[in-house]
>>> print(open('run_33.cif').read())   # mmCIF, C-alpha atoms and all ligand atoms
data_my_file
#
loop_
_atom_site.label_atom_id
_atom_site.label_comp_id
_atom_site.auth_asym_id
_atom_site.auth_seq_id
_atom_site.Cartn_x
_atom_site.Cartn_y
_atom_site.Cartn_z
CA MET V 43 0.00 0.00 0.00
CA VAL V 44 2.96 2.30 0.69
CA ASP V 45 6.68 2.03 -0.10
CA LEU V 46 8.56 3.48 2.83
CA ARG V 47 11.88 2.02 1.79
CA ARG V 48 12.02 3.71 -1.62
CA GLN V 49 11.20 7.07 -0.08
CA TYR V 50 14.01 6.59 2.44
CA LEU V 51 16.50 5.64 -0.28
CA ARG V 52 15.65 8.79 -2.22
CA LEU V 53 16.32 11.01 0.82
CA ARG V 54 19.00 8.80 2.30
CA PRO V 55 22.05 11.13 2.48
CA ASP V 56 20.11 13.85 4.33
CA ILE V 57 18.31 11.43 6.62
CA ASP V 58 21.45 9.47 7.48
CA ARG V 59 23.30 12.69 8.26
CA ALA V 60 20.47 13.89 10.52
CA ILE V 61 20.28 10.56 12.34
CA SER V 62 24.00 10.24 12.90
CA GLU V 63 24.07 13.77 14.29
CA VAL V 64 21.52 12.80 16.96
CA VAL V 65 23.34 9.59 17.76
CA GLY V 66 26.66 11.45 17.91
CA ASP V 67 25.27 14.09 20.28
CA ALA V 68 23.40 11.43 22.29
CA HIS V 69 20.75 14.06 22.97
CA PHE V 70 17.95 11.54 22.58
CA ILE V 71 15.20 13.30 24.55
CA ASN V 72 14.24 16.90 23.79
CA GLY V 73 17.26 17.56 21.61
CA PRO V 74 17.27 20.85 19.68
CA GLN V 75 15.75 19.08 16.64
CA VAL V 76 12.43 18.70 18.48
CA ARG V 77 11.88 22.43 19.01
CA ARG V 78 13.32 23.27 15.58
CA PHE V 79 10.95 20.87 13.86
CA ALA V 80 7.97 22.24 15.82
CA GLU V 81 8.93 25.76 14.72
CA SER V 82 9.25 24.71 11.08
CA LEU V 83 5.84 23.08 11.24
CA GLU V 84 4.40 26.24 12.83
CA SER V 85 5.69 28.28 9.86
CA TYR V 86 4.50 25.75 7.30
CA LEU V 87 1.00 25.60 8.78
CA GLU V 88 0.96 29.30 9.70
CA VAL V 89 -0.19 28.47 13.21
CA PRO V 90 1.20 30.05 16.41
CA HIS V 91 1.79 26.82 18.35
CA VAL V 92 2.83 23.27 17.51
CA VAL V 93 3.24 21.00 20.54
CA THR V 94 4.93 17.70 19.72
CA CYS V 95 4.05 14.44 21.45
CA GLY V 96 4.43 10.69 21.19
CA ASN V 97 1.78 9.79 18.59
CA GLY V 98 -1.48 10.92 17.04
CA THR V 99 -3.67 9.12 19.56
CA ASP V 100 -1.87 10.83 22.45
CA ALA V 101 -2.32 14.14 20.65
CA LEU V 102 -6.09 13.65 20.70
CA GLN V 103 -6.05 12.65 24.36
CA ILE V 104 -3.89 15.64 25.30
CA ALA V 105 -6.23 17.93 23.34
CA LEU V 106 -9.26 16.70 25.26
CA MET V 107 -7.37 17.03 28.55
CA ALA V 108 -6.14 20.53 27.67
CA LEU V 109 -9.73 21.61 27.04
CA ASP V 110 -10.56 20.35 30.52
CA LEU V 111 -13.40 18.07 29.42
CA ARG V 112 -14.87 16.14 32.35
CA PRO V 113 -16.33 12.63 32.77
CA GLY V 114 -19.88 12.50 31.45
CA ASP V 115 -19.32 15.29 28.91
CA GLU V 116 -20.43 14.31 25.41
CA VAL V 117 -18.16 14.54 22.39
CA ILE V 118 -19.50 14.24 18.86
CA VAL V 119 -17.40 11.87 16.73
CA PRO V 120 -17.94 10.67 13.15
CA ALA V 121 -19.22 7.09 12.92
CA PHE V 122 -16.97 6.21 9.96
CA THR V 123 -13.38 6.82 10.96
CA TYR V 124 -10.20 5.49 12.54
CA VAL V 125 -10.80 4.48 16.14
CA ALA V 126 -8.40 6.88 17.91
CA ALA V 127 -10.74 9.82 18.59
CA ALA V 128 -13.55 7.64 19.93
CA GLU V 129 -11.10 5.63 21.98
CA VAL V 130 -9.56 8.53 23.87
CA VAL V 131 -12.98 10.09 24.39
CA ALA V 132 -14.17 6.90 26.08
CA LEU V 133 -10.89 6.41 27.99
CA LEU V 134 -11.28 9.83 29.61
CA GLY V 135 -14.80 8.91 30.77
CA LEU V 136 -16.39 11.17 28.16
CA ILE V 137 -19.28 9.89 26.07
CA PRO V 138 -18.78 9.52 22.33
CA VAL V 139 -21.86 10.45 20.30
CA TRP V 140 -21.82 9.04 16.78
CA VAL V 141 -22.82 11.23 13.87
CA ASP V 142 -23.06 9.95 10.31
CA VAL V 143 -20.75 11.01 7.50
CA ASP V 144 -21.32 12.54 4.08
CA PRO V 145 -21.59 9.76 1.46
CA ALA V 146 -19.49 11.70 -1.09
CA THR V 147 -16.59 12.85 1.11
CA PHE V 148 -16.72 10.30 3.99
CA THR V 149 -16.27 13.16 6.50
CA ILE V 150 -18.68 14.14 9.29
CA ASN V 151 -21.96 15.49 7.91
CA PRO V 152 -22.38 19.01 9.35
CA SER V 153 -26.13 19.00 8.71
CA LEU V 154 -26.52 16.12 11.19
CA VAL V 155 -24.38 17.62 13.95
CA GLU V 156 -26.91 20.04 15.44
CA GLY V 157 -29.43 17.26 15.97
CA ALA V 158 -26.84 15.36 18.04
CA ILE V 159 -26.14 18.19 20.49
CA SER V 160 -27.51 17.79 24.02
CA GLY V 161 -27.08 19.80 27.22
CA LYS V 162 -23.99 17.70 27.94
CA THR V 163 -22.23 18.17 24.60
CA LYS V 164 -18.87 19.92 24.96
CA ALA V 165 -16.93 19.19 21.80
CA ILE V 166 -16.95 17.96 18.21
CA VAL V 167 -14.09 15.98 16.69
CA ALA V 168 -13.89 16.46 12.92
CA VAL V 169 -11.66 13.89 11.21
CA HIS V 170 -10.06 14.96 7.92
CA LEU V 171 -10.35 11.50 6.43
CA PHE V 172 -8.22 10.04 3.62
CA GLY V 173 -6.55 13.35 2.75
CA GLN V 174 -9.54 15.65 2.57
CA CYS V 175 -10.89 18.20 5.06
CA ALA V 176 -14.19 17.87 6.81
CA ASP V 177 -16.39 20.89 6.02
CA MET V 178 -14.99 23.24 8.65
CA GLU V 179 -16.98 26.42 7.99
CA PRO V 180 -20.41 25.03 8.98
CA LEU V 181 -18.79 22.99 11.76
CA MET V 182 -17.13 26.09 13.24
CA ARG V 183 -20.42 27.97 13.00
CA ILE V 184 -22.27 25.19 14.83
CA ALA V 185 -19.50 24.96 17.44
CA ASN V 186 -19.53 28.72 18.05
CA GLU V 187 -23.32 28.97 18.20
CA ASN V 188 -23.50 26.17 20.74
CA GLY V 189 -20.41 27.00 22.80
CA LEU V 190 -18.59 23.80 21.79
CA TYR V 191 -14.93 23.09 21.11
CA LEU V 192 -13.99 21.85 17.66
CA ILE V 193 -11.02 19.50 17.47
CA GLU V 194 -9.54 18.56 14.09
CA ASP V 195 -8.03 15.08 13.82
CA ASN V 196 -5.63 15.79 11.00
CA ALA V 197 -3.54 12.60 11.08
CA GLN V 198 -4.38 11.85 7.44
CA SER V 199 -4.43 15.28 5.83
CA LEU V 200 -1.38 17.29 6.91
CA GLY V 201 -0.83 19.93 4.24
CA ALA V 202 -4.40 19.97 2.90
CA ASP V 203 -5.99 23.38 2.34
CA TYR V 204 -9.52 24.24 3.42
CA ARG V 205 -11.23 26.89 1.30
CA PHE V 206 -13.77 29.13 3.05
CA PRO V 207 -16.84 30.38 1.16
CA ASP V 208 -15.17 33.80 0.72
CA GLY V 209 -12.22 32.12 -1.02
CA HIS V 210 -9.50 32.38 1.61
CA THR V 211 -7.74 29.17 2.60
CA ARG V 212 -6.25 27.76 5.79
CA LYS V 213 -4.23 24.64 6.40
CA ALA V 214 -6.15 21.66 7.75
CA GLY V 215 -5.66 21.36 11.50
CA THR V 216 -5.39 25.12 12.13
CA ILE V 217 -9.06 26.09 11.82
CA GLY V 218 -10.71 24.54 14.89
CA HIS V 219 -9.75 25.21 18.51
CA ILE V 220 -7.10 22.49 18.52
CA GLY V 221 -5.78 20.29 15.71
CA THR V 222 -3.89 17.03 16.09
CA THR V 223 -1.74 14.94 13.79
CA SER V 224 0.35 11.78 13.60
CA PHE V 225 3.74 11.09 12.05
CA PHE V 226 3.20 7.30 11.93
CA PRO V 227 5.16 5.85 8.98
CA SER V 228 2.18 5.66 6.60
CA LYS V 229 0.93 9.22 7.21
CA PRO V 230 1.54 12.16 4.84
CA LEU V 231 4.51 13.39 6.94
CA ALA V 232 6.05 10.27 8.39
CA CYS V 233 8.85 9.49 10.80
CA PHE V 234 10.60 6.17 11.43
CA GLY V 235 8.36 5.08 14.28
CA ASP V 236 5.76 6.91 16.34
CA GLY V 237 5.29 10.64 16.60
CA GLY V 238 2.51 13.20 16.87
CA ALA V 239 1.67 16.84 17.45
CA LEU V 240 -1.05 19.28 18.41
CA MET V 241 -1.55 22.68 16.83
CA THR V 242 -3.46 25.67 18.10
CA ALA V 243 -3.61 29.45 17.92
CA ASP V 244 -4.46 29.65 21.62
CA ASP V 245 -1.57 30.39 24.02
CA TYR V 246 -3.36 28.94 27.05
CA TRP V 247 -4.25 25.59 25.45
CA ALA V 248 -0.79 25.31 23.93
CA GLU V 249 0.79 25.78 27.34
CA ARG V 250 -1.61 23.28 28.93
CA ALA V 251 -0.96 20.75 26.16
CA ARG V 252 2.80 21.17 26.63
CA MET V 253 2.45 20.63 30.37
CA ILE V 254 0.11 17.64 30.03
CA ALA V 255 2.49 15.93 27.62
CA SER V 256 5.19 16.36 30.27
CA HIS V 257 3.57 14.98 33.44
CA GLY V 258 1.65 18.19 34.07
CA GLN V 259 4.78 20.17 34.87
CA LYS V 260 6.30 23.41 33.65
CA VAL V 261 9.10 23.32 36.19
CA LYS V 262 10.68 19.91 36.65
CA TYR V 263 9.16 17.92 39.53
CA HIS V 264 6.44 20.54 40.14
CA HIS V 265 3.30 18.80 38.87
CA GLN V 266 0.50 21.33 38.63
CA ILE V 267 -2.07 19.35 36.66
CA LEU V 268 -2.60 15.70 35.76
CA GLY V 269 -0.63 14.81 32.71
CA CYS V 270 1.00 11.90 30.95
CA ASN V 271 4.33 11.16 29.32
CA SER V 272 4.20 11.72 25.59
CA ARG V 273 7.29 12.87 23.70
CA LEU V 274 8.51 13.10 20.14
CA ASP V 275 12.00 11.52 20.19
CA THR V 276 14.90 13.63 18.97
CA LEU V 277 15.62 10.93 16.35
CA GLN V 278 12.10 11.16 14.97
CA ALA V 279 12.22 14.96 14.99
CA ALA V 280 15.49 14.80 13.04
CA VAL V 281 13.86 12.62 10.36
CA LEU V 282 10.82 14.92 10.25
CA GLU V 283 13.03 18.00 9.88
CA VAL V 284 14.50 16.47 6.73
CA LYS V 285 11.11 15.45 5.36
CA LEU V 286 8.98 18.53 6.09
CA PRO V 287 10.42 20.55 3.17
CA HIS V 288 9.32 17.65 0.92
CA LEU V 289 5.75 17.46 2.22
CA ALA V 290 4.21 19.47 -0.62
CA GLU V 291 6.08 17.31 -3.14
CA PHE V 292 4.93 14.09 -1.36
CA ASN V 293 1.33 15.27 -1.47
CA ALA V 294 1.63 16.25 -5.13
CA ALA V 295 3.07 12.83 -6.01
CA ARG V 296 0.01 11.08 -4.56
CA GLN V 297 -2.29 13.56 -6.28
CA ALA V 298 -0.64 12.68 -9.61
CA VAL V 299 -1.30 8.97 -9.05
CA ALA V 300 -4.89 9.74 -8.03
CA ALA V 301 -5.40 11.76 -11.22
CA ARG V 302 -4.36 8.73 -13.27
CA TYR V 303 -6.64 6.42 -11.32
CA ASP V 304 -9.48 8.94 -11.77
CA GLU V 305 -8.90 9.19 -15.50
CA ALA V 306 -8.87 5.43 -15.97
CA LEU V 307 -11.61 4.44 -13.55
CA ARG V 308 -14.22 7.19 -13.81
CA ASP V 309 -17.52 6.56 -15.58
CA ASP V 310 -17.38 2.85 -14.83
CA PRO V 311 -20.68 1.63 -13.38
CA ARG V 312 -18.91 -0.94 -11.25
CA TRP V 313 -17.59 1.63 -8.78
CA ILE V 314 -17.54 5.25 -7.72
CA ILE V 315 -14.18 7.04 -7.68
CA PRO V 316 -13.31 9.30 -4.72
CA GLN V 317 -15.32 12.52 -4.78
CA ARG V 318 -13.59 15.84 -4.19
CA ALA V 319 -15.24 18.40 -1.99
CA GLY V 320 -15.27 21.92 -3.46
CA TYR V 321 -13.96 23.32 -0.18
CA SER V 322 -10.83 21.21 0.23
CA SER V 323 -7.77 20.01 -1.56
CA HIS V 324 -7.47 16.22 -1.53
CA LEU V 325 -4.09 14.71 -0.66
CA TYR V 326 -5.22 11.12 -1.32
CA HIS V 327 -3.75 9.70 1.84
CA GLN V 328 -6.03 6.91 0.65
CA TYR V 329 -7.55 6.42 -2.81
CA THR V 330 -10.86 4.86 -1.89
CA LEU V 331 -13.37 3.41 -4.33
CA ARG V 332 -16.94 2.55 -3.48
CA ILE V 333 -17.82 -0.72 -5.17
CA ASN V 334 -21.38 -1.32 -6.26
CA ASP V 335 -23.35 -4.51 -5.87
CA ARG V 336 -21.46 -5.95 -2.94
CA GLN V 337 -18.60 -6.95 -5.26
CA ARG V 338 -15.98 -5.30 -3.06
CA ASP V 339 -14.55 -8.48 -1.59
CA GLY V 340 -14.45 -10.10 -5.04
CA LEU V 341 -12.35 -7.25 -6.43
CA ARG V 342 -10.10 -7.39 -3.39
CA ASP V 343 -9.47 -11.13 -3.90
CA PHE V 344 -8.94 -10.66 -7.63
CA LEU V 345 -6.35 -7.91 -7.02
CA ALA V 346 -4.61 -10.03 -4.39
CA SER V 347 -4.38 -12.93 -6.88
CA LYS V 348 -2.50 -10.55 -9.23
CA GLY V 349 -0.13 -9.40 -6.50
CA ILE V 350 -1.86 -6.07 -5.82
CA PRO V 351 -2.61 -5.16 -2.22
CA SER V 352 -5.77 -3.29 -1.31
CA MET V 353 -7.28 -2.43 2.06
CA ILE V 354 -10.67 -1.89 3.61
CA TYR V 355 -10.54 1.34 5.58
CA TYR V 356 -12.67 0.73 7.65
CA PRO V 357 -14.49 -2.61 7.84
CA LEU V 358 -16.69 -1.63 10.79
CA PRO V 359 -18.24 1.73 11.65
CA MET V 360 -17.82 2.91 15.23
CA GLN V 361 -21.30 1.85 16.36
CA LYS V 362 -20.48 -1.74 15.40
CA GLN V 363 -17.19 -1.91 17.30
CA GLU V 364 -17.55 -4.20 20.27
CA ALA V 365 -15.43 -1.94 22.50
CA PHE V 366 -18.06 0.80 22.23
CA TYR V 367 -21.26 -1.19 22.67
CA GLY V 368 -21.76 0.15 26.17
CA PHE V 369 -20.39 3.68 25.80
CA ALA V 370 -21.81 5.54 22.92
CA ARG V 371 -24.95 7.37 22.11
CA LYS V 372 -26.31 7.62 18.56
CA GLY V 373 -26.58 11.25 17.54
CA SER V 374 -28.04 10.53 14.11
CA THR V 375 -28.99 7.61 11.90
CA LEU V 376 -25.76 5.94 10.80
CA ASP V 377 -26.77 4.39 7.49
CA VAL V 378 -24.00 5.98 5.44
CA ALA V 379 -21.28 4.78 7.81
CA ASP V 380 -22.83 1.32 7.73
CA SER V 381 -22.97 1.20 3.97
CA LEU V 382 -19.45 2.62 3.47
CA SER V 383 -17.92 -0.07 5.65
CA GLU V 384 -19.43 -2.64 3.28
CA THR V 385 -18.48 -0.94 0.02
CA VAL V 386 -15.13 0.89 0.33
CA LEU V 387 -11.84 -0.37 -1.04
CA SER V 388 -8.56 1.57 -0.95
CA LEU V 389 -5.96 1.05 -3.68
CA PRO V 390 -2.18 1.34 -3.28
CA ILE V 391 -1.08 4.97 -3.37
CA HIS V 392 2.19 6.48 -2.21
CA THR V 393 4.91 8.92 -3.11
CA GLU V 394 7.18 6.50 -4.93
CA MET V 395 4.86 4.75 -7.40
CA THR V 396 6.27 4.19 -10.87
CA ASP V 397 4.29 4.55 -14.10
CA GLU V 398 4.49 0.79 -14.60
CA GLU V 399 3.00 0.09 -11.20
CA VAL V 400 0.13 2.50 -11.72
CA LEU V 401 -0.55 1.10 -15.20
CA TYR V 402 -0.43 -2.49 -13.97
CA ILE V 403 -2.95 -1.73 -11.23
CA ILE V 404 -5.25 0.13 -13.62
CA ASP V 405 -5.08 -2.64 -16.26
CA THR V 406 -5.75 -5.31 -13.68
CA ILE V 407 -8.75 -3.54 -12.18
CA LYS V 408 -10.23 -3.02 -15.63
CA ARG V 409 -9.95 -6.74 -16.32
CA TYR V 410 -12.00 -7.59 -13.23
CA GLU V 411 -15.27 -9.23 -14.26
CA TYR V 412 -18.32 -10.04 -12.24
C1 LIG C 1 -3.27 7.24 12.39
C2 LIG C 1 -4.43 7.99 12.92
C3 LIG C 1 -4.51 8.37 14.27
C4 LIG C 1 -3.56 7.89 15.32
O1 LIG C 1 -2.24 8.15 15.12
P1 LIG C 1 -1.14 7.26 15.87
O2 LIG C 1 0.09 8.05 15.69
O3 LIG C 1 -1.12 5.93 15.21
O4 LIG C 1 -1.54 7.17 17.31
C5 LIG C 1 -5.58 9.13 14.67
N1 LIG C 1 -6.54 9.50 13.80
C6 LIG C 1 -6.50 9.15 12.51
C7 LIG C 1 -7.59 9.63 11.60
C8 LIG C 1 -5.46 8.38 12.03
O5 LIG C 1 -5.44 8.02 10.73
#
>>> encode(input="run_33.cif", output="structure tokens")
Amino acid sequence: MVDLRRQYLRLRPDIDRAISEVVGDAHFINGPQVRRFAESLESYLEVPHVVTCGNGTDALQIALMALDLRPGDEVIVPAFTYVAAAEVVALLGLIPVWVDVDPATFTINPSLVEGAISGKTKAIVAVHLFGQCADMEPLMRIANENGLYLIEDNAQSLGADYRFPDGHTRKAGTIGHIGTTSFFPSKPLACFGDGGALMTADDYWAERARMIASHGQKVKYHHQILGCNSRLDTLQAAVLEVKLPHLAEFNAARQAVAARYDEALRDDPRWIIPQRAGYSSHLYHQYTLRINDRQRDGLRDFLASKGIPSMIYYPLPMQKQEAFYGFARKGSTLDVADSLSETVLSLPIHTEMTDEEVLYIIDTIKRYEY
């Protein structure tokens, strides 16, 4: 699905130099690379604060803790998504409330959010799924009108631009009250292990997030609030420092593959190609088809028999995950999430795909018969 090795080989001299510098200095925790990378990401995203942490799931947990959400508070979460947001909500004793997604973009459906708000609702988590932003303008309006926090889970869409109705754009993750991201090896900006970050324009939340990620302390051994231990390693920051200047090029490389898939696969009644929202760029973190007539698993097996991987992101919507049977409340009907989990199939897409690989995948898919 991704080729991490080829990307490394392409950037090898710079990455090896950065890694050996860290190893040589033996400054493994909070080396200067960590702060430098955070500052570079602040400039790239045009956001006042980036707070680094151990992974994207921690980033979401730290965001909820920074906002001081309390057990019993309700948090609206899309029903079709990666588990992390729902998981940390439930872990903190908050109540996830599922809201259905838009069938075209797979992101939370703003028109269903208001109906899910109760007296206990405190926050909305918008997930920018598969490389495309959730529709932030209506979500921010709903959040502001109802006194809610809006958190952006931007693990899959770092570098995407959201376009407001008046035409101005902002980077995904910098529009809501707090944004979070992950540098897991398959994500748009990827390190060589685990890593994550939060981003916010708010000085107070940034300081709280920084403290929470460091055992609730500002001054060593003076623990003012409850925190956790969540750090971006110096080694990972060094890798990310090398890769950040290439992020736009990485995203463009996937967009070029997606354009070729689109061209070859559009107007075929057997499936629906990924739809692009007018308000967002699409980075194609995943290239996800919807397959008609319950033939999804047949296509997946056929591709596998020809040596082509494909993945089902995600085979179960949140409301069907056993871990959440007891926790969640349904904020809307969840038919779209249900149907997507039965019809989606993601094709290989990454920054290093060759023409031959793309052509082979396209030719093979076209030969699929049912
Ligand atoms: C990967 C991912 C996360 C979690 O990131 P980790 O670094 O693996 O903890 C959270 N949300 C979404 C949407 C993701 O894709």
>>> closest_residue(input="run_33.cif", among="V:Val44, V:Ala80, V:Val299, V:Ala60", to="V:Val284", atoms="all atoms listed in the file")
V:Ala60
>>> residues_around(input="run_33.cif", residues="V:Leu106", least_positions_apart="4", cutoff="10 Å", atoms="only C-alpha atoms", output="PDB file with C-alpha atoms, in the coordinates of the input")
ATOM      1  CA  ASP V 100      -1.870  10.830  22.450  1.00  0.00           C
ATOM      2  CA  ALA V 101      -2.320  14.140  20.650  1.00  0.00           C
ATOM      3  CA  LEU V 102      -6.090  13.650  20.700  1.00  0.00           C
ATOM      4  CA  ASP V 110     -10.560  20.350  30.520  1.00  0.00           C
ATOM      5  CA  LEU V 111     -13.400  18.070  29.420  1.00  0.00           C
ATOM      6  CA  ARG V 112     -14.870  16.140  32.350  1.00  0.00           C
ATOM      7  CA  VAL V 117     -18.160  14.540  22.390  1.00  0.00           C
ATOM      8  CA  ALA V 127     -10.740   9.820  18.590  1.00  0.00           C
ATOM      9  CA  VAL V 130      -9.560   8.530  23.870  1.00  0.00           C
ATOM     10  CA  VAL V 131     -12.980  10.090  24.390  1.00  0.00           C
ATOM     11  CA  LEU V 134     -11.280   9.830  29.610  1.00  0.00           C
ATOM     12  CA  LEU V 136     -16.390  11.170  28.160  1.00  0.00           C
ATOM     13  CA  ALA V 165     -16.930  19.190  21.800  1.00  0.00           C
ATOM     14  CA  VAL V 167     -14.090  15.980  16.690  1.00  0.00           C
ATOM     15  CA  TYR V 191     -14.930  23.090  21.110  1.00  0.00           C
ATOM     16  CA  ILE V 193     -11.020  19.500  17.470  1.00  0.00           C
ATOM     17  CA  ILE V 220      -7.100  22.490  18.520  1.00  0.00           C
ATOM     18  CA  ALA V 251      -0.960  20.750  26.160  1.00  0.00           C
TER      19      ALA V 251
END
>>> closest_residue(input="run_33.cif", among="V:Glu116, V:Asp45, V:Asp203, V:Asp67", to="V:Phe369", atoms="all atoms listed in the file")
V:Glu116
>>> residues_near_ligand(input="run_33.cif", ligand="ligand LIG 1 (chain C)", cutoff="9 Å", atoms="all atoms listed in the file", output="JSON, numbers by chain")
{"V": [96, 97, 98, 99, 100, 101, 102, 123, 124, 125, 126, 127, 169, 170, 171, 172, 195, 196, 197, 198, 199, 222, 223, 224, 225, 226, 227, 228, 229, 235, 236, 237, 238]}
>>> atom_distance(input="run_33.cif", atom1="atom CA of V:Leu83", atom2="atom CA of V:His288")
12.2 Å
>>> residues_around(input="run_33.cif", residues="V:Gly269", least_positions_apart="6", cutoff="9 Å", atoms="all atoms listed in the file", output="compact mmCIF listing (two decimals) with C-alpha atoms, in the coordinates of the input")
# COMPACT_ATOMS: atom_id res chain seq x y z
CA ILE V 104 -3.89 15.64 25.30
CA MET V 107 -7.37 17.03 28.55
CA ALA V 251 -0.96 20.75 26.16
CA MET V 253 2.45 20.63 30.37
CA ILE V 254 0.11 17.64 30.03
CA ALA V 255 2.49 15.93 27.62
CA SER V 256 5.19 16.36 30.27
CA HIS V 257 3.57 14.98 33.44
CA GLY V 258 1.65 18.19 34.07
CA GLN V 259 4.78 20.17 34.87
>>> closest_residue(input="run_33.cif", among="V:Ile333, V:Ala295, V:Ala146, V:Leu192", to="V:Pro311", atoms="all atoms listed in the file")
V:Ile333
>>> atom_distance(input="run_33.cif", atom1="atom CA of V:Asp304", atom2="atom CA of V:Leu345")
17.8 Å
>>> closest_residue(input="run_33.cif", among="V:Ala306, V:Leu277, V:Ala290, V:Val386", to="V:Pro74", atoms="all atoms listed in the file")
V:Leu277
>>> atom_distance(input="run_33.cif", atom1="atom CA of V:Tyr303", atom2="atom CA of V:Ser352")
14.0 Å
>>> closest_residue(input="run_33.cif", among="V:Ile403, V:Leu274, V:Leu382, V:Leu109", to="V:Thr242", atoms="all atoms listed in the file")
V:Leu109
>>> closest_residue(input="run_33.cif", among="V:Pro390, V:Gly368, V:Tyr412, V:Asp177", to="V:Arg336", atoms="all atoms listed in the file")
V:Tyr412
>>> residues_near_point(input="run_33.cif", point="(4.2, 6.6, -7.0)", cutoff="7 Å", atoms="only C-alpha atoms", output="list in words")
Ala295, Arg296, Val299, Ile391, His392, Thr393, Glu394, Met395 and Thr396 of chain V
>>> residues_around(input="run_33.cif", residues="V:Arg308", least_positions_apart="4", cutoff="12 Å", atoms="all atoms listed in the file", output="number ranges by chain")
V: 300-304, 312-317, 331-332, 404, 408
>>> decode(input="run_33.cif", residues="stretch 76-91 of chain V", atoms="N, CA and C atoms", output="compact mmCIF listing (two decimals), in the first residue's frame")
# COMPACT_ATOMS: atom_id res chain seq x y z
N VAL V 76 13.86 18.78 18.16
CA VAL V 76 12.43 18.70 18.48
C VAL V 76 11.80 20.09 18.38
N ARG V 77 12.42 21.06 19.03
CA ARG V 77 11.88 22.43 19.01
C ARG V 77 12.00 23.03 17.59
N ARG V 78 13.13 22.74 16.94
CA ARG V 78 13.32 23.27 15.58
C ARG V 78 12.26 22.75 14.63
N PHE V 79 11.98 21.43 14.73
CA PHE V 79 10.95 20.87 13.86
C PHE V 79 9.59 21.50 14.16
N ALA V 80 9.27 21.64 15.45
CA ALA V 80 7.97 22.24 15.82
C ALA V 80 7.86 23.64 15.23
N GLU V 81 8.96 24.40 15.27
CA GLU V 81 8.93 25.76 14.72
C GLU V 81 8.76 25.75 13.20
N SER V 82 9.42 24.80 12.54
CA SER V 82 9.25 24.71 11.08
C SER V 82 7.82 24.35 10.73
N LEU V 83 7.23 23.47 11.53
CA LEU V 83 5.84 23.08 11.24
C LEU V 83 4.90 24.26 11.53
N GLU V 84 5.20 25.04 12.56
CA GLU V 84 4.40 26.24 12.83
C GLU V 84 4.43 27.17 11.61
N SER V 85 5.62 27.39 11.04
CA SER V 85 5.69 28.28 9.86
C SER V 85 4.95 27.68 8.69
N TYR V 86 5.15 26.38 8.46
CA TYR V 86 4.50 25.75 7.30
C TYR V 86 2.98 25.86 7.40
N LEU V 87 2.46 25.60 8.60
CA LEU V 87 1.00 25.60 8.78
C LEU V 87 0.46 27.00 9.05
N GLU V 88 1.36 27.95 9.29
CA GLU V 88 0.96 29.30 9.70
C GLU V 88 0.06 29.24 10.93
N VAL V 89 0.56 28.59 11.96
CA VAL V 89 -0.19 28.47 13.21
C VAL V 89 0.78 28.85 14.34
N PRO V 90 0.29 29.57 15.36
CA PRO V 90 1.20 30.05 16.41
C PRO V 90 1.89 28.95 17.22
N HIS V 91 1.20 27.82 17.47
CA HIS V 91 1.79 26.82 18.35
C HIS V 91 1.68 25.41 17.79
